[in-house]
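Remarks on the structure that follows.
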There are 4 protein chains.
Amino acid sequence: MAVAKEAVPGYRHRLHEIIFEADTRAGKWFDVVLIVSILSSVLVVMLDSISGFSARYGYYLYGWEWAFTLMFTLEYILRLACVNRPLAYAGSFLGIVDLLAILPTYISLLVPGSQYLIVVRVLRVLRVFRVFKLVNYVGEASVLVRALQSSRRKITIFLLTVLTLMIIFGSLMYMIEGPEHGFTSIPRSIYWAIVTMTTVGYGDISPKTNAGQALAALIMVMGYAIIAVPTGIVTSELSLAGQKRVSTQVCPACMAEGHDPDAVFCRVCSERLNPETGRDT
Amino acid sequence: MAVAKEAVPGYRHRLHEIIFEADTRAGKWFDVVLIVSILSSVLVVMLDSISGFSARYGYYLYGWEWAFTLMFTLEYILRLACVNRPLAYAGSFLGIVDLLAILPTYISLLVPGSQYLIVVRVLRVLRVFRVFKLVNYVGEASVLVRALQSSRRKITIFLLTVLTLMIIFGSLMYMIEGPEHGFTSIPRSIYWAIVTMTTVGYGDISPKTNAGQALAALIMVMGYAIIAVPTGIVTSELSLAGQKRVSTQVCPACMAEGHDPDAVFCRVCSERLNPETGRDT
Amino acid sequence: MAVAKEAVPGYRHRLHEIIFEADTRAGKWFDVVLIVSILSSVLVVMLDSISGFSARYGYYLYGWEWAFTLMFTLEYILRLACVNRPLAYAGSFLGIVDLLAILPTYISLLVPGSQYLIVVRVLRVLRVFRVFKLVNYVGEASVLVRALQSSRRKITIFLLTVLTLMIIFGSLMYMIEGPEHGFTSIPRSIYWAIVTMTTVGYGDISPKTNAGQALAALIMVMGYAIIAVPTGIVTSELSLAGQKRVSTQVCPACMAEGHDPDAVFCRVCSERLNPETGRDT
Amino acid sequence: MAVAKEAVPGYRHRLHEIIFEADTRAGKWFDVVLIVSILSSVLVVMLDSISGFSARYGYYLYGWEWAFTLMFTLEYILRLACVNRPLAYAGSFLGIVDLLAILPTYISLLVPGSQYLIVVRVLRVLRVFRVFKLVNYVGEASVLVRALQSSRRKITIFLLTVLTLMIIFGSLMYMIEGPEHGFTSIPRSIYWAIVTMTTVGYGDISPKTNAGQALAALIMVMGYAIIAVPTGIVTSELSLAGQKRVSTQVCPACMAEGHDPDAVFCRVCSERLNPETGRDT
């Protein structure tokens, strides 16, 4: 493996260090410049969507748009060039995001016609996916991600149950209130049920009849109690992750891990544990 | 018991395996087809409620509606046929849901007259109860259900207290704001108090006077602090369920407790633990 | 003390058993009748507030109103008669609630004049306080009450901090949006800030300018993170109450309590603990 | 150090005791008067913003405004006079808040002109920052502050992730709904996404198309599950803070850890614990 790494040409190794790592001075600067560029390009897309701003500075925004796209294209090619397995990178989540971030601007060239320009501007918005990379740079996120992953199943079951309740309550409200009070169809009534149970409550659709308001009150109180469940799931997972005060000792005989901090003998093979090895906090 | 099972005729045993269990290839396929059918029939009911869609494709939707109803009727009869105690099944929660899911379509035949058709469509909506079955297929839900069951009493007390507060605050707002600002009666004012305390906040009724807005602000801040209570209840129950991974074994030599479930030797004195003593879940 | 109880005349003792306790058959029936009466009288007040209902059945509601008031007055007098220290009862929280529940109807007699009748109806609403008694009957509430009491200080600090933030943000919004967008005064802007931070969001007042919407977005995201704090406070208190897995052993030498379940020697005086004494669940 | 304190002139020492401490009778009275003055001056600013009140009592409010400002100015000078290092105080957070609380009134003198008076009134609002001092007086707040500080990183990551989602969903809604339904630009659509995900839900902007309502429903359900994360973070930190009542002492004989803070002897081997070794908080 060390040999394989030696076999990599020097410039590719150097490029990889700069682009993919952040240990060297050049690598750090590359990352900082990249984040600033990503945020700037997102800002350009946002400003372009404001009609007054777009009418006055549209020309400059278009220029910046292309400058960022070309810069990110060059970056994408360099990334492909300096990894050992370009296809693996191109197929990874971040590789796909990198590609999606530059494609919309090019597609706007291949499809001419003024009426499609608005669609292109819409596709451009996908560039904001690049912001996702920011998360990648922060190491602390892993605890949160692990807690969410281990509670993934429970949250799925919870969401399915809530969606079932929303379908039933939405249908009931469609029956009770009917199209004349804004509940024009079951899907729209389910939309109302979601707006209500998540406690968003726009008020664009709201029950008018006594029976409808009574059912709505029931749904709200139910949603009030139900919101406790996902919180409880995530909290208990995070608490478990935080409480794990397991010794870092490894049994010298059977290599078993996860001993209690006050364990003297291995609970699996009765070998005496080495008290000198590090104990975690 | 094994003898009793043998006494069941072969085809009933086979049917039971297919319909009620999911261990065989046929049983798995039956479940998949059933879930797809349930979701499709719910979709048909939903599409039928959209006026534009119903006017154009109402004929086909009516056909599908009957196709699904007949299919589910056959399934219900087969379920009754292959269980040993049909009445016990018919009286169980899932049995009643199965029956409710097919009845509305038949009732629409017995009660003719165009003006009642809308009511029938309304009863049809009960079919969505069948979605409940989905939960049945997932084994993971039991942890959530147990945590909610053991916190059932605390949540009931909490909800009673909140409802009492809502009645009092609703009545107070009826006095302060009065019918001219939308608080037309105490029940409607209580509806407003529920909308406010659960932080839904439609805005269809909102206080206009200074005193009313001051009381509303108090109610909101109170609701803000109160929402912590059900979350705390469920979280502490789930945390307890998640942490309970300690064996009930007691070391025969030093009487130490709190061993891990996979412990073979005592972590305090290295004595071999007795594997026969009960292990909790 | 036992002597003092003997000294109580027989009928007072019997009355006390029926009215204040629920151990005997008569005591249980009294409580059930009382709860039904309380809920009925609250329902009468509610129905009376609905203008259509009041116009048609106002006469009967007035009769029921007086019937309940006289019944509760008799009950109040009997309670005073059968306790040893009537003043202590009259001054207690439940005693005051009992009095407040009957006073409004009598006050409506002393103050004649049609224009005051509405005010009387308003005072009547205080009768719903009687519902509070319901809580008294449930023993489970004590865990919740204790958890809330021990987190009382932290929640007070939290609410003070949130109120300070609401005053500052409300004032800032008054500056940014001004009276022309509904933010007519600082108190009203603070009302808006409370509506927003508690995620109620009526929409009766909402920011219109770009700066106002930006600040509102900041307030919402802040409120989103802040809502975690009271939940965390209550949850950790409830978890502590639930987790307390302290041994019930008492040191035979120094009487110290609160030993770990696996403790062999007293941590205060090194006396060997008695392993036979009961261990908690 | 004791010598340095002796060197402080007697009246400065006394002033410091009164103004900065609350142990003496005079110090306590000073604090009470100060808090009442702060709350009164905030009330004056609030009342001044109510147009009807300002028109009638503006003259008196102006007088009180100046009385409080002069009083707080004197207090600020005394604070500077009685501390050993005035610059350190002036540069501290509370020192800056003290200065900001008196500056706006003086600035209103330097900048004459009726049209600027409104701006001055706006700056005056900053006086409410003084309320922050209240927090300073409560010692209990430190547990909350520490729990929030130790979860600072996780909450930052969480907020960045949520903001990224809000930017993406806001942009998608701008594409789907467009300016004709109120989504006039990407920033405004992001404002809508924030209003929705935080479950505030004003309803001033709400989706009208079917696709928009479907996406909005998705965003709400996602926000419903996501709100669990900050709660989980803060709760697990607070739980850890509450549970951490374990001494860092190690038994010199058997190396057992996890002793209670008041333990004198090892609970495993009865060896006397070394009282000099560090105890944590």
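In the structure tokens, chains take letters A, B, ... by order of appearance, with residues numbered from 1 within each chain and ligands from 1 in the order shown.
Omitting region 80-85 of chain C and its sequence neighbours fewer than 4 positions away, and counting only C-alpha atoms, the residues within 9 Å are Val8, Tyr11, Arg12, His13, Arg14, Leu15, His16, Ile19, Glu75, Tyr76, Tyr89 and Ala90 of chain C.
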Which residues of chain D come within 8 Å of chain B, and what is each one's closest atom pair and distance in Å (one decimal), counting only C-alpha atoms, sorted by chain and residue number, as a Markdown table?
```
| residue | atom | partner | partner_atom | distance |
| --- | --- | --- | --- | --- |
| D:Thr199 | CA | B:Val200 | CA | 7.8 |
| D:Val200 | CA | B:Val200 | CA | 7.7 |
| D:Gly201 | CA | B:Gly201 | CA | 7.7 |
| D:Tyr202 | CA | B:Tyr202 | CA | 7.7 |
| D:Gly203 | CA | B:Tyr202 | CA | 7.9 |
```
Please produce a file of the residues just selected, as a compact mmCIF listing (two decimals), in the first residue's frame, where the atoms kept are N, CA, C and O atoms.
```txt
# COMPACT_ATOMS: atom_id res chain seq x y z
N THR D 199 -41.89 26.19 12.20
CA THR D 199 -43.31 25.99 12.56
C THR D 199 -43.98 27.27 13.03
O THR D 199 -44.98 27.21 13.74
N VAL D 200 -43.43 28.45 12.66
CA VAL D 200 -44.11 29.70 13.00
C VAL D 200 -45.36 29.85 12.13
O VAL D 200 -46.46 30.01 12.66
N GLY D 201 -45.19 29.79 10.81
CA GLY D 201 -46.34 29.76 9.90
C GLY D 201 -47.24 30.96 9.96
O GLY D 201 -48.40 30.84 10.33
N TYR D 202 -46.73 32.17 9.57
CA TYR D 202 -47.59 33.36 9.56
C TYR D 202 -48.77 33.19 8.62
O TYR D 202 -49.89 33.56 8.92
N GLY D 203 -48.49 32.66 7.42
CA GLY D 203 -49.52 32.61 6.41
C GLY D 203 -49.54 33.84 5.52
O GLY D 203 -50.42 33.96 4.67
```
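Between CA of Ala67 (chain A) and CA of Val45 (chain A) lies a distance of 12.8 Å.
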Next on the checklist: Measuring between only C-alpha atoms, which one of A:Gln213, A:Asp48, A:Val234, A:Leu103 shows the shortest distance to Val145 (chain A)?
Outcome noted: A:Val234
Checklist entry - When DSSP works through the backbone of this structure, what residues of region 151-228 of chain B end up as alpha helix (DSSP H), shown as an NGL selection string? => result :B and (152-177 or 186-197 or 210-226 or 228)
